[in-house]
Structure formats: C-alpha cells, structure tokens
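Dropping upload_27.tsv in here (TSV, C-alpha atoms and all ligand atoms):
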chain	number	residue	atom	x	y	z
A	1	MET	CA	122.72	125.74	93.80
A	2	ALA	CA	122.30	124.41	97.35
A	3	THR	CA	122.37	120.63	97.77
A	4	MET	CA	120.81	118.38	100.38
A	5	ALA	CA	124.25	118.01	101.94
A	6	ASP	CA	124.43	121.83	102.34
A	7	VAL	CA	121.05	121.78	104.11
A	8	ALA	CA	122.19	118.94	106.40
A	9	ARG	CA	125.42	120.77	107.28
A	10	SER	CA	123.61	124.03	107.95
A	11	ALA	CA	120.94	122.35	110.15
A	12	GLY	CA	123.52	120.19	111.92
A	13	VAL	CA	121.79	116.91	110.96
A	14	SER	CA	122.43	113.99	108.61
A	15	VAL	CA	121.39	113.97	104.92
A	16	ALA	CA	119.02	111.09	105.78
A	17	THR	CA	117.23	113.29	108.32
A	18	VAL	CA	116.81	116.05	105.75
A	19	SER	CA	115.34	113.50	103.37
A	20	HIS	CA	112.90	112.22	106.01
A	21	VAL	CA	111.73	115.74	106.77
A	22	LEU	CA	111.22	116.64	103.11
A	23	ASN	CA	109.61	113.38	102.07
A	24	GLY	CA	107.68	112.67	105.26
A	25	THR	CA	109.13	109.16	105.29
A	26	ARG	CA	109.84	108.99	109.04
A	27	PRO	CA	108.75	111.04	112.06
A	28	VAL	CA	111.30	113.69	113.03
A	29	SER	CA	111.23	115.75	116.26
A	30	PRO	CA	109.63	119.18	115.88
A	31	GLY	CA	112.91	121.01	116.74
A	32	THR	CA	114.94	119.11	114.16
A	33	ARG	CA	112.19	119.51	111.59
A	34	ARG	CA	112.15	123.27	112.18
A	35	ALA	CA	115.94	123.49	111.84
A	36	VAL	CA	115.84	121.60	108.53
A	37	LEU	CA	113.00	123.73	107.10
A	38	ASP	CA	114.78	126.92	108.19
A	39	ALA	CA	117.97	125.78	106.45
A	40	VAL	CA	115.97	124.92	103.31
A	41	ASP	CA	114.53	128.40	103.41
A	42	VAL	CA	117.77	130.26	104.04
A	43	LEU	CA	119.73	128.31	101.42
A	44	GLY	CA	116.89	128.34	98.88
A	45	TYR	CA	117.18	124.58	98.49
A	46	THR	CA	114.90	123.14	95.76
A	47	PRO	CA	114.52	119.36	95.65
A	48	ASN	CA	115.38	117.76	92.32
A	49	THR	CA	112.31	115.63	91.65
A	50	LEU	CA	113.94	114.10	88.57
A	51	ALA	CA	116.74	112.72	90.70
A	52	ARG	CA	114.22	111.48	93.27
A	53	SER	CA	112.19	109.79	90.54
A	54	LEU	CA	115.25	107.78	89.47
A	55	VAL	CA	115.41	106.35	92.98
A	56	THR	CA	111.70	105.90	93.68
A	57	ALA	CA	110.55	105.05	90.11
A	58	ARG	CA	107.64	107.39	90.82
A	59	THR	CA	107.23	110.87	89.33
A	60	ARG	CA	104.26	112.04	91.40
A	61	SER	CA	102.59	113.06	88.17
A	62	ILE	CA	99.30	112.11	86.55
A	63	GLY	CA	98.60	112.13	82.82
A	64	LEU	CA	95.21	113.57	81.95
A	65	ALA	CA	93.76	113.03	78.47
A	66	VAL	CA	90.39	114.62	77.79
A	67	SER	CA	88.98	115.89	74.53
A	68	ALA	CA	87.04	119.11	74.08
A	69	ILE	CA	88.71	120.86	77.00
A	70	SER	CA	87.07	124.12	75.97
A	71	ASN	CA	83.66	122.56	76.75
A	72	PRO	CA	82.65	123.82	80.23
A	73	TYR	CA	81.75	120.28	81.26
A	74	PHE	CA	85.31	119.08	80.65
A	75	THR	CA	86.86	122.31	81.90
A	76	GLU	CA	85.18	121.78	85.26
A	77	ILE	CA	86.31	118.15	85.31
A	78	LEU	CA	89.83	119.41	84.71
A	79	GLN	CA	89.53	121.85	87.60
A	80	GLY	CA	88.40	119.01	89.84
A	81	VAL	CA	91.33	116.83	88.74
A	82	GLU	CA	93.84	119.64	89.17
A	83	ALA	CA	92.69	120.62	92.65
A	84	ALA	CA	92.62	117.03	93.93
A	85	ALA	CA	96.00	116.22	92.36
A	86	LEU	CA	97.63	119.32	93.82
A	87	GLU	CA	96.24	118.54	97.26
A	88	ALA	CA	97.79	115.07	97.07
A	89	GLY	CA	101.14	116.52	95.91
A	90	TYR	CA	100.79	115.39	92.30
A	91	GLY	CA	101.41	117.40	89.14
A	92	LEU	CA	99.47	117.03	85.89
A	93	LEU	CA	100.48	116.47	82.29
A	94	LEU	CA	97.56	117.41	80.07
A	95	ALA	CA	96.71	116.26	76.54
A	96	ASP	CA	93.69	116.71	74.28
A	97	PRO	CA	93.35	113.76	71.86
A	98	HIS	CA	90.42	115.45	70.07
A	99	ASP	CA	88.30	112.31	70.33
A	100	ASP	CA	90.53	110.71	67.70
A	101	PRO	CA	91.29	107.01	68.38
A	102	LEU	CA	94.78	107.16	66.82
A	103	GLN	CA	95.65	110.39	68.55
A	104	GLU	CA	94.55	109.08	71.94
A	105	ARG	CA	96.78	106.01	71.57
A	106	LYS	CA	99.70	108.31	70.73
A	107	VAL	CA	98.92	110.56	73.67
A	108	ALA	CA	98.81	107.58	76.03
A	109	GLN	CA	102.24	106.47	74.80
A	110	LEU	CA	103.66	109.97	75.17
A	111	LEU	CA	102.40	110.27	78.74
A	112	HIS	CA	103.62	106.77	79.57
A	113	GLU	CA	107.07	107.59	78.17
A	114	ARG	CA	107.13	110.56	80.53
A	115	ARG	CA	106.55	107.97	83.25
A	116	VAL	CA	103.43	109.46	84.75
A	117	ASP	CA	102.42	107.32	87.73
A	118	GLY	CA	98.98	106.82	86.24
A	119	MET	CA	96.48	108.26	83.79
A	120	ILE	CA	93.00	109.65	83.79
A	121	VAL	CA	91.43	109.33	80.36
A	122	ALA	CA	88.06	110.17	78.83
A	123	PRO	CA	88.17	107.59	76.03
A	124	SER	CA	86.92	108.14	72.48
A	125	ALA	CA	84.11	106.17	70.87
A	126	GLN	CA	86.66	103.62	69.54
A	127	PRO	CA	89.06	103.11	72.41
A	128	GLY	CA	90.37	99.66	71.39
A	129	GLU	CA	93.94	100.77	70.58
A	130	LEU	CA	94.08	102.94	73.69
A	131	THR	CA	92.93	100.22	76.06
A	132	ASP	CA	95.21	97.66	74.38
A	133	TYR	CA	98.18	99.96	74.92
A	134	LEU	CA	97.35	100.81	78.52
A	135	GLY	CA	96.60	97.18	79.32
A	136	ARG	CA	99.76	95.87	77.67
A	137	HIS	CA	101.87	98.30	79.66
A	138	ALA	CA	99.74	97.88	82.80
A	139	VAL	CA	99.44	101.65	83.19
A	140	PRO	CA	97.25	102.38	86.22
A	141	THR	CA	94.32	104.19	84.61
A	142	VAL	CA	91.00	105.71	85.51
A	143	PHE	CA	88.54	106.01	82.65
A	144	LEU	CA	86.43	109.07	83.09
A	145	ASP	CA	82.98	110.01	81.80
A	146	ARG	CA	82.82	107.37	79.06
A	147	LEU	CA	82.94	103.80	80.32
A	148	ILE	CA	84.74	101.07	78.44
A	149	ASP	CA	83.72	97.44	78.34
A	150	PRO	CA	85.53	95.16	80.74
A	151	PRO	CA	88.65	93.34	79.52
A	152	GLY	CA	87.91	90.25	77.46
A	153	SER	CA	84.48	91.34	76.28
A	154	GLY	CA	85.80	90.79	72.76
A	155	ASP	CA	84.34	93.81	71.00
A	156	GLY	CA	87.50	95.69	70.19
A	157	THR	CA	87.52	97.64	73.41
A	158	ALA	CA	89.04	94.77	75.38
A	159	ALA	CA	92.10	95.62	77.41
A	160	ALA	CA	94.83	93.04	77.26
A	161	ALA	CA	96.07	93.37	80.81
A	162	THR	CA	97.90	90.52	82.48
A	163	PRO	CA	95.14	88.06	83.30
A	164	GLY	CA	93.85	88.72	86.78
A	165	ALA	CA	95.72	92.00	87.16
A	166	PRO	CA	93.26	94.86	86.92
A	167	PHE	CA	94.75	98.15	85.88
A	168	PHE	CA	91.77	100.41	85.55
A	169	ASP	CA	88.85	101.92	87.39
A	170	GLN	CA	86.06	104.06	86.03
A	171	VAL	CA	84.03	107.04	87.10
A	172	CYS	CA	81.09	108.68	85.37
A	173	ALA	CA	77.87	110.51	86.07
A	174	GLU	CA	74.58	108.72	86.02
A	175	SER	CA	72.90	109.14	82.64
A	176	THR	CA	69.94	106.79	82.29
A	177	GLY	CA	67.87	107.89	85.28
A	178	PRO	CA	68.40	111.64	84.79
A	179	MET	CA	67.50	111.40	81.08
A	180	ALA	CA	64.34	109.44	81.92
A	181	ARG	CA	63.53	112.16	84.43
A	182	LEU	CA	63.62	114.86	81.73
A	183	VAL	CA	61.31	112.83	79.49
A	184	ALA	CA	58.95	112.14	82.42
A	185	HIS	CA	58.86	115.85	83.17
A	186	LEU	CA	57.90	116.73	79.59
A	187	ALA	CA	55.34	113.90	79.42
A	188	GLY	CA	53.88	115.21	82.68
A	189	LEU	CA	53.39	118.56	80.97
A	190	GLY	CA	51.28	116.83	78.31
A	191	HIS	CA	53.83	116.27	75.54
A	192	ARG	CA	53.22	113.15	73.47
A	193	ARG	CA	55.93	113.67	70.85
A	194	VAL	CA	59.28	114.17	72.53
A	195	GLY	CA	62.37	114.25	70.31
A	196	LEU	CA	65.92	113.34	71.38
A	197	ILE	CA	69.09	114.81	69.90
A	198	ALA	CA	71.46	112.00	70.85
A	199	GLY	CA	75.25	111.96	71.09
A	200	LEU	CA	78.02	110.27	69.14
A	201	ALA	CA	77.47	106.55	68.49
A	202	GLY	CA	79.87	104.34	70.42
A	203	LEU	CA	80.06	106.44	73.60
A	204	SER	CA	78.64	104.86	76.74
A	205	THR	CA	77.08	108.22	77.63
A	206	THR	CA	75.18	108.16	74.33
A	207	ARG	CA	73.97	104.58	74.87
A	208	GLU	CA	72.84	105.30	78.41
A	209	ARG	CA	71.08	108.55	77.54
A	210	VAL	CA	69.22	106.86	74.68
A	211	THR	CA	68.21	104.09	77.08
A	212	GLY	CA	67.02	106.72	79.55
A	213	TYR	CA	64.99	108.40	76.83
A	214	LEU	CA	63.33	105.11	75.88
A	215	ASP	CA	62.76	104.27	79.57
A	216	GLY	CA	61.15	107.67	80.10
A	217	LEU	CA	58.83	107.21	77.12
A	218	ALA	CA	57.84	103.72	78.24
A	219	ALA	CA	57.21	104.83	81.84
A	220	ALA	CA	54.91	107.58	80.54
A	221	GLY	CA	53.11	105.15	78.25
A	222	LEU	CA	54.29	106.97	75.10
A	223	ALA	CA	54.92	105.04	71.90
A	224	HIS	CA	58.45	105.34	70.55
A	225	ASP	CA	58.65	106.87	67.08
A	226	ASP	CA	62.07	106.12	65.54
A	227	ARG	CA	61.98	109.35	63.56
A	228	LEU	CA	62.09	111.38	66.79
A	229	LEU	CA	65.43	109.91	67.83
A	230	VAL	CA	68.21	111.59	65.82
A	231	SER	CA	71.96	111.84	66.29
A	232	GLY	CA	73.64	115.18	66.77
A	233	ASN	CA	77.06	113.45	67.03
A	234	SER	CA	77.66	115.15	70.39
A	235	GLU	CA	78.47	118.46	68.70
A	236	SER	CA	76.73	121.71	67.95
A	237	ALA	CA	76.68	121.54	64.13
A	238	GLY	CA	75.36	117.97	64.20
A	239	ALA	CA	72.57	119.01	66.57
A	240	GLU	CA	71.70	121.94	64.35
A	241	ARG	CA	71.21	119.57	61.40
A	242	ALA	CA	69.34	117.02	63.53
A	243	THR	CA	66.97	119.66	64.90
A	244	THR	CA	66.30	120.97	61.39
A	245	ALA	CA	65.44	117.41	60.31
A	246	LEU	CA	63.03	117.01	63.25
A	247	LEU	CA	61.30	120.29	62.44
A	248	ALA	CA	60.81	119.14	58.84
A	249	LEU	CA	58.82	116.05	59.88
A	250	PRO	CA	55.13	116.08	58.93
A	251	ASP	CA	54.35	115.76	62.64
A	252	PRO	CA	57.34	117.36	64.39
A	253	PRO	CA	57.97	116.92	68.12
A	254	THR	CA	56.36	119.34	70.55
A	255	ALA	CA	59.26	118.91	72.96
A	256	LEU	CA	62.97	118.33	72.53
A	257	VAL	CA	65.68	116.89	74.73
A	258	THR	CA	69.35	117.49	73.94
A	259	ALA	CA	71.89	115.00	75.24
A	260	ASN	CA	74.73	117.42	75.99
A	261	ASN	CA	75.53	121.13	76.27
A	262	ALA	CA	77.16	121.51	72.84
A	263	MET	CA	74.10	120.02	71.20
A	264	THR	CA	71.84	122.36	73.18
A	265	LEU	CA	73.54	125.29	71.48
A	266	GLY	CA	73.11	123.72	68.05
A	267	ALA	CA	69.43	122.98	68.72
A	268	LEU	CA	68.82	126.54	69.90
A	269	ARG	CA	70.51	127.88	66.78
A	270	ALA	CA	68.30	125.74	64.51
A	271	LEU	CA	65.15	126.68	66.43
A	272	ARG	CA	65.93	130.35	66.08
A	273	ARG	CA	66.74	129.99	62.39
A	274	HIS	CA	63.38	128.33	61.81
A	275	GLY	CA	61.51	130.92	63.83
A	276	ARG	CA	60.44	128.55	66.62
A	277	SER	CA	60.28	130.00	70.10
A	278	VAL	CA	60.90	128.03	73.27
A	279	PRO	CA	58.75	126.93	75.03
A	280	GLU	CA	55.72	128.32	73.17
A	281	ASP	CA	56.35	126.41	69.90
A	282	ILE	CA	58.56	123.67	71.30
A	283	ALA	CA	59.65	122.83	74.84
A	284	LEU	CA	63.33	122.17	75.51
A	285	CYS	CA	65.15	120.23	78.23
A	286	CYS	CA	68.91	119.70	78.21
A	287	PHE	CA	71.39	117.23	79.56
A	288	ASP	CA	74.21	119.38	81.04
A	289	ASP	CA	73.84	122.55	82.97
A	290	PHE	CA	76.36	125.33	82.47
A	291	PRO	CA	77.02	128.54	84.33
A	292	TRP	CA	75.09	130.72	81.88
A	293	ALA	CA	72.14	128.33	81.26
A	294	ASP	CA	69.93	130.57	83.37
A	295	LEU	CA	70.81	133.63	81.23
A	296	PHE	CA	69.03	132.21	78.18
A	297	SER	CA	65.49	133.32	77.63
A	298	PRO	CA	63.74	131.18	78.64
A	299	ARG	CA	66.06	129.83	81.28
A	300	LEU	CA	67.16	126.28	80.48
A	301	THR	CA	65.76	123.34	82.41
A	302	ALA	CA	68.72	120.99	82.63
A	303	ILE	CA	70.43	118.03	84.22
A	304	ALA	CA	73.53	119.20	86.06
A	305	GLN	CA	76.41	116.75	86.10
A	306	PRO	CA	78.77	116.78	89.09
A	307	SER	CA	81.73	117.62	86.85
A	308	ARG	CA	84.25	118.90	89.42
A	309	GLU	CA	83.49	115.98	91.68
A	310	LEU	CA	83.96	113.56	88.76
A	311	GLY	CA	87.48	114.91	88.32
A	312	ALA	CA	88.28	114.78	92.03
A	313	ARG	CA	86.90	111.27	92.32
A	314	ALA	CA	89.01	110.12	89.36
A	315	VAL	CA	92.14	111.30	91.18
A	316	ARG	CA	91.14	109.52	94.38
A	317	LEU	CA	90.45	106.27	92.50
A	318	LEU	CA	93.83	106.52	90.81
A	319	LEU	CA	95.69	107.17	94.08
A	320	GLU	CA	93.93	104.23	95.69
A	321	ARG	CA	94.98	101.97	92.82
A	322	LEU	CA	98.59	103.21	93.04
A	323	ALA	CA	98.55	102.36	96.74
A	324	GLU	CA	96.94	98.97	96.16
A	325	PRO	CA	97.61	97.78	92.58
A	326	ASP	CA	95.79	94.45	92.90
A	327	ARG	CA	92.53	95.77	94.27
A	328	PRO	CA	89.46	94.81	92.21
A	329	SER	CA	88.42	97.30	89.56
A	330	ARG	CA	85.65	99.67	90.50
A	331	THR	CA	83.08	101.65	88.57
A	332	VAL	CA	81.76	104.68	90.41
A	333	ARG	CA	78.70	106.58	89.29
A	334	LEU	CA	77.88	109.98	90.69
A	335	PRO	CA	74.34	111.35	90.77
A	336	CYS	CA	73.18	114.34	88.76
A	337	ALA	CA	70.74	117.09	89.76
A	338	PHE	CA	67.57	118.16	87.99
A	339	VAL	CA	67.68	121.95	87.62
A	340	HIS	CA	64.14	123.09	87.06
A	341	ARG	CA	63.84	126.34	85.11
A	342	THR	CA	61.43	127.49	82.38
A	343	SER	CA	62.46	126.18	78.91
A	344	CYS	CA	60.34	123.10	79.65
A	345	GLY	CA	57.27	125.32	79.67
A	346	CYS	CA	56.83	125.59	83.42
A	347	PRO	CA	56.15	129.07	84.80
A	348	GLU	CA	58.82	131.02	86.61
A	349	GLU	CA	58.82	130.38	90.34
A	350	PRO	CA	59.69	133.79	91.74
A	351	GLU	CA	59.90	132.58	95.30
A	352	ARG	CA	62.58	130.02	94.43
A	353	PRO	CA	65.88	131.13	95.95
A	354	GLU	CA	68.46	131.89	93.26
A	355	ALA	CA	71.01	129.60	94.87
A	356	ALA	CA	68.75	126.61	94.28
A	357	ALA	CA	68.39	127.45	90.61
A	358	HIS	CA	71.94	126.33	89.91
A	359	SER	CA	72.74	123.58	92.33
A	360	THR	CA	74.28	120.17	92.05
A	361	SER	CA	73.87	117.33	94.46
A	362	ALA	CA	77.00	116.30	96.29
A	363	ALA	CA	75.67	112.94	97.35
A	364	LEU	CA	77.53	109.97	95.92
A	365	SER	CA	76.14	106.62	94.93
A	366	GLU	CA	78.70	103.93	94.43
A	367	ILE	CA	77.78	100.75	92.63
A	368	PRO	CA	79.72	97.47	92.93
A	369	PRO	CA	81.78	96.26	89.98
A	370	GLU	CA	79.87	94.66	87.11
A	371	PRO	CA	78.91	91.07	87.95
A	372	PRO	CA	80.84	88.50	85.91
A	373	SER	CA	79.43	88.37	82.39
A	374	GLU	CA	78.79	85.18	80.46
A	375	LYS	CA	82.35	85.35	79.19
A	376	GLY	CA	83.51	85.27	82.80
A	377	THR	CA	85.04	88.73	82.76
A	378	THR	CA	85.16	90.87	85.84
A	379	SER	CA	86.73	94.23	85.62
B	1	LIG	N1	80.04	113.25	78.06
B	1	LIG	C1	79.18	113.58	79.03
B	1	LIG	N2	78.66	114.76	79.15
B	1	LIG	C2	79.00	115.69	78.27
B	1	LIG	C3	79.90	115.43	77.24
B	1	LIG	C4	80.44	114.14	77.13
B	1	LIG	O1	81.26	113.84	76.25
B	1	LIG	N3	80.04	116.55	76.54
B	1	LIG	C5	79.27	117.48	77.13
B	1	LIG	N4	78.63	116.97	78.17
Before anything else, please render the file you have as structure tokens.
Ligand code: HPA
Amino acid sequence: MATMADVARSAGVSVATVSHVLNGTRPVSPGTRRAVLDAVDVLGYTPNTLARSLVTARTRSIGLAVSAISNPYFTEILQGVEAAALEAGYGLLLADPHDDPLQERKVAQLLHERRVDGMIVAPSAQPGELTDYLGRHAVPTVFLDRLIDPPGSGDGTAAAATPGAPFFDQVCAESTGPMARLVAHLAGLGHRRVGLIAGLAGLSTTRERVTGYLDGLAAAGLAHDDRLLVSGNSESAGAERATTALLALPDPPTALVTANNAMTLGALRALRRHGRSVPEDIALCCFDDFPWADLFSPRLTAIAQPSRELGARAVRLLLERLAEPDRPSRTVRLPCAFVHRTSCGCPEEPERPEAAAHSTSAALSEIPPEPPSEKGTTS
C-alpha cells in the first residue's frame, strides 16, 4: 500500500508538502499541487484517517442519534444532516435510541467512545441522563427538534457542564404559531369544537403545540373544553385510541388537529373504522406534511416543517461550536409553511399551481438565546 513518503518521492516534494496539499493546511503552488495529486492518483494513495486522528485528536465524524428514523420527518432530517456533513468533509455515525432514555444515554457513550467530534441528538422525553453524560464529558452537541431546558434549571434535564462552558446548541421548527394557525383556520370555517390529538408528554414539541392549540382557541374566542385535548403519545396507535375516545363524547368535535404525521395516520384509521368521512363529518388539519399527503382523499391540509433544513442547520451549528467552543449557546427556530389543501373543508382550488401545493418556506428566523431565568441560567 502506497505511503505518503511514496507520494512525496514520486512528486519530487517533501512529505510535509504532500500533507499540506491533502489537508489544505497551507497554500501550495498550483504546479506542485498538481504533481502531488497526480502522484496520489497514480499510486492509489489512500490517507489513513485513523492515523491522522491520533495526531489531530479529531475524527471528522459526527454522531447522529434520532429515534423513529423510518418516520419521513426524521428521514428528511437525516438527509439534511448527511448532505451538510458530507459537504463539510465529515462522516456520520448513526444510532436510533428508540426514544428510550436509557438507550439514548448508552448511545451517547458509544458515540463518544468512538471519538466523534460532536453529536446531533433528538432527545427523548426524559433526557436527564443523556444531558448529564454529554455535559460531564463536554461533548459538543446540538439538540435537534426537541429542546431541552437550559443547564441548572433543576428539573432533571439539567446538563452538568463545567460552569460557564456551554457545550450545546439547539435547533427546532416553530410549533406554537403554526399550530395556532391551524386552529384559527378551522375556527374561521365556523368550527366551535376543535379537538387536538397531542404528542408524548415531556417533549418540548408537545408542550409548544398544545400551547399553540390553546392560543388558537383563545384568539378565536372559543372556550377550551378539556375533553377535546387528548394525548396520542406521538404515535399512530395512540392517536387511533384518542380519536376513538373523542368520537365517543356526547358532543364530539366537528374538527380535529393532529400534532404529528404518525398520529394523522392513526386518526384517519379511527375515522374510517367509525365510518366518519373527512371533511363532511369531521374536518382534519395535521401538523407535518409528507410527500404523499396530497394523495389522500381529501388532500391533507398540513403544516410543513423544514426538515431537511433542520438537519443542515444542526450541522452548521455544530461546526461553528467546534470552531469556537466558548461561544454562547444558541437556539435556532426555523419557520414552517401552511399547506392549504382540502381536508379542512375548503374547496379545491383548481387554479392553484401544483408546485405551491407542497412547498416549504426557506426563510429562517433566528431568536436570541433564552434570557437569564430566575435561577440565573443562560444556555
Ligand atoms: N417532533 C416533531 N415533529 C414530528 C415528530 C417529532 O418527534 N414526529 C413527527 N413529526
């Protein structure tokens, strides 16, 4: 197997010059650069990144831990992470902790032992052990999709990083405003009893979407009926049960909002089983668009999350932290798009161009880090 010394000899340059060309660590004249790359090509030289890692203490790899990778929302996030990492010259190590708090702690340790340069993690609903581990080992981390409370907030999700040394940033899609928008849309169509199939307790996305639901009701002047807010635990079977419970109420909702794509499927299954048609018997709006949402009949009115961009942004945040470890922690929220179709009860708009029927906004809105809380914690 050809070595760097073989390349240097063949190109008539020093080993250091070969290293500078391959690692981009110092400018090299175009002629010399060409000679080195030609020699690499002819000799079939392949750099040994393991050996380089021993010298640089960097592996140019990112650990990615997301649950439910078969869910199109997370699959698209993964594609965004992968493309951005590859472009920056980073490889990925992927793990699925299955939303299990113990498993995610184990996964974090495994990835850390492989010496990934940093991690991107969608934390579970009980991320205390995970954040303790990452904080204790000061692993540069970006939390994705589900936000965690800032270090020191004392609720079991506190990260015990060295005081004053931030180690994490966060990126998620906006949830509250888009959810309120769905409720406002249904209220505008005359619905007075709007049900919500909410996600798993403990997830920030669940909290925010419930808040958005309540905001939307309040803005429309609708009274909140506790019985219309049910948990589908973020999964299809849970939503199927929750929808069945809503339909059994003496005064069931006339419209339904589901808080993620998996729960949309469960709700649709329950509605079909109970012979309810959408939107004639009950209107339906969904959080999460997916590529086949417009193939349902009726076509699903949905909030589209910028999933690929979330993944790409997570990589950029991580690379920025690796370059500048002491920078203040940031929380970035990306906007969603309202995709107006017909399950809400609105008529088909034949003149609407097809491209606009499945579009996501690329605009970004960045918010500053949380202001210091009463406990004096900034993230
Ligand atoms: N978070 C946000 N959006 C989602 C999720 C989730 O866990 N699952 C499906 N859509």
* With all atoms listed in the file as the basis for distance, which of A:Glu82, A:Glu113, A:Glu174, A:Asp149 is at the shortest distance from ligand LIG 1 (chain B)? ->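 Comparing A:Glu82, A:Glu113, A:Glu174, A:Asp149 against ligand LIG 1 (chain B), the winner is A:Glu174.
Every protein, DNA or RNA residue with an atom at most 10 Å from Ala223 (chain A), where only C-alpha atoms count and chain neighbours fewer than 6 positions away do not, is listed here: A:Arg192, A:Arg193, A:Leu214, A:Leu217.
Note that CA of Arg115 (chain A) and CA of Met4 (chain A) are 24.6 Å apart.
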Return as a tab-separated table the residues of chain A lying at most 6 Å from ligand LIG 1 (chain B), together with the closest atom-to-atom pair for each and the distance in Å to one decimal, counting only C-alpha atoms and all ligand atoms, with rows in chain order and ascending residue number.
residue	atom	partner	partner_atom	distance
A:Tyr73	CA	B:LIG1	N4	5.5
A:Asp145	CA	B:LIG1	N1	5.8
A:Thr205	CA	B:LIG1	N1	5.9
A:Asn260	CA	B:LIG1	N4	4.5
A:Asn261	CA	B:LIG1	C5	5.3
A:Asp288	CA	B:LIG1	N4	5.8
* Distance CA of Ala259 (chain A)-CA of Cys346 (chain A), one decimal place? ->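 CA of Cys346 (chain A) lies 20.1 Å from CA of Ala259 (chain A).
Minimum atom-to-atom distance to Pro328 (chain A), evaluated using only C-alpha atoms, belongs to A:Asp169 out of A:Asp169, A:Glu240, A:Asp215, A:Glu208.
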* Asked: Hey, which of A:Ala248, A:Leu110, A:Leu102, A:Ile62 ends up closest to Glu129 (chain A)? Count only C-alpha atoms.
  ->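 Answer, going by the shortest atom-to-atom distance: A:Leu102.
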* To do: Give as a list in words each residue that has an atom at most 10 Å from (90.0, 102.7, 71.4) in the file, counting only C-alpha atoms.
  => Asp99, Asp100, Pro101, Leu102, Gln103, Glu104, Arg105, Pro123, Ser124, Ala125, Gln126, Pro127, Gly128, Glu129, Leu130, Thr131, Asp132, Tyr133, Ile148, Gly156, Thr157, Ala158 and Ala159 of chain A
* Find the distance between CA of Met119 (chain A) and CA of His137 (chain A) and write it in Å to one decimal. =>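 According to the coordinates, CA of Met119 (chain A) and CA of His137 (chain A) are separated by 12.1 Å.
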Report as a short mmCIF file (atom, residue, chain, number, x, y, z; two decimals) with C-alpha atoms, in the frame of the given file all protein, DNA and RNA residues lying within 9 Å of Arg227 (chain A), evaluated on only C-alpha atoms, omitting residues in the same chain fewer than 6 positions from it.
data_model
loop_
_atom_site.label_atom_id
_atom_site.label_comp_id
_atom_site.auth_asym_id
_atom_site.auth_seq_id
_atom_site.Cartn_x
_atom_site.Cartn_y
_atom_site.Cartn_z
CA GLY A 195 62.37 114.25 70.31
CA LEU A 246 63.03 117.01 63.25
CA LEU A 249 58.82 116.05 59.88
#
* Contacts of Ala180 (chain A) at 9 Å or less, counting only C-alpha atoms, minus same-chain residues fewer than 4 places along, as a PyMOL selection string? -> chain A and resi 175-176+184-185+209+211-217+219
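Nearest residue to Pro140 (chain A), choosing from A:Arg9, A:His112, A:Arg272, A:Arg308 and counting all atoms listed in the file: A:His112.
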* Which residue of A:Thr75, A:Ser29, A:Thr301, A:Thr244 approaches Arg276 (chain A) most closely, using all atoms listed in the file ->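 Counting all atoms listed in the file, the residue closest to Arg276 (chain A) is A:Thr244.
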* Of the candidates A:Pro72, A:Glu320, A:Asp96, A:Cys336, which one gets nearest to Ala293 (chain A) if we count only C-alpha atoms? ->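 Using only C-alpha atoms, the shortest distance to Ala293 (chain A) belongs to A:Pro72.
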* To do: Determine, counting all atoms listed in the file, which protein, DNA and RNA residues have an atom within 12 Å of an atom of region 30-47 of chain A; residues of the same chain fewer than 4 positions away are not included. Present the result as an MDAnalysis selection string.
  => chainID A and resid 1:24 26 51:53
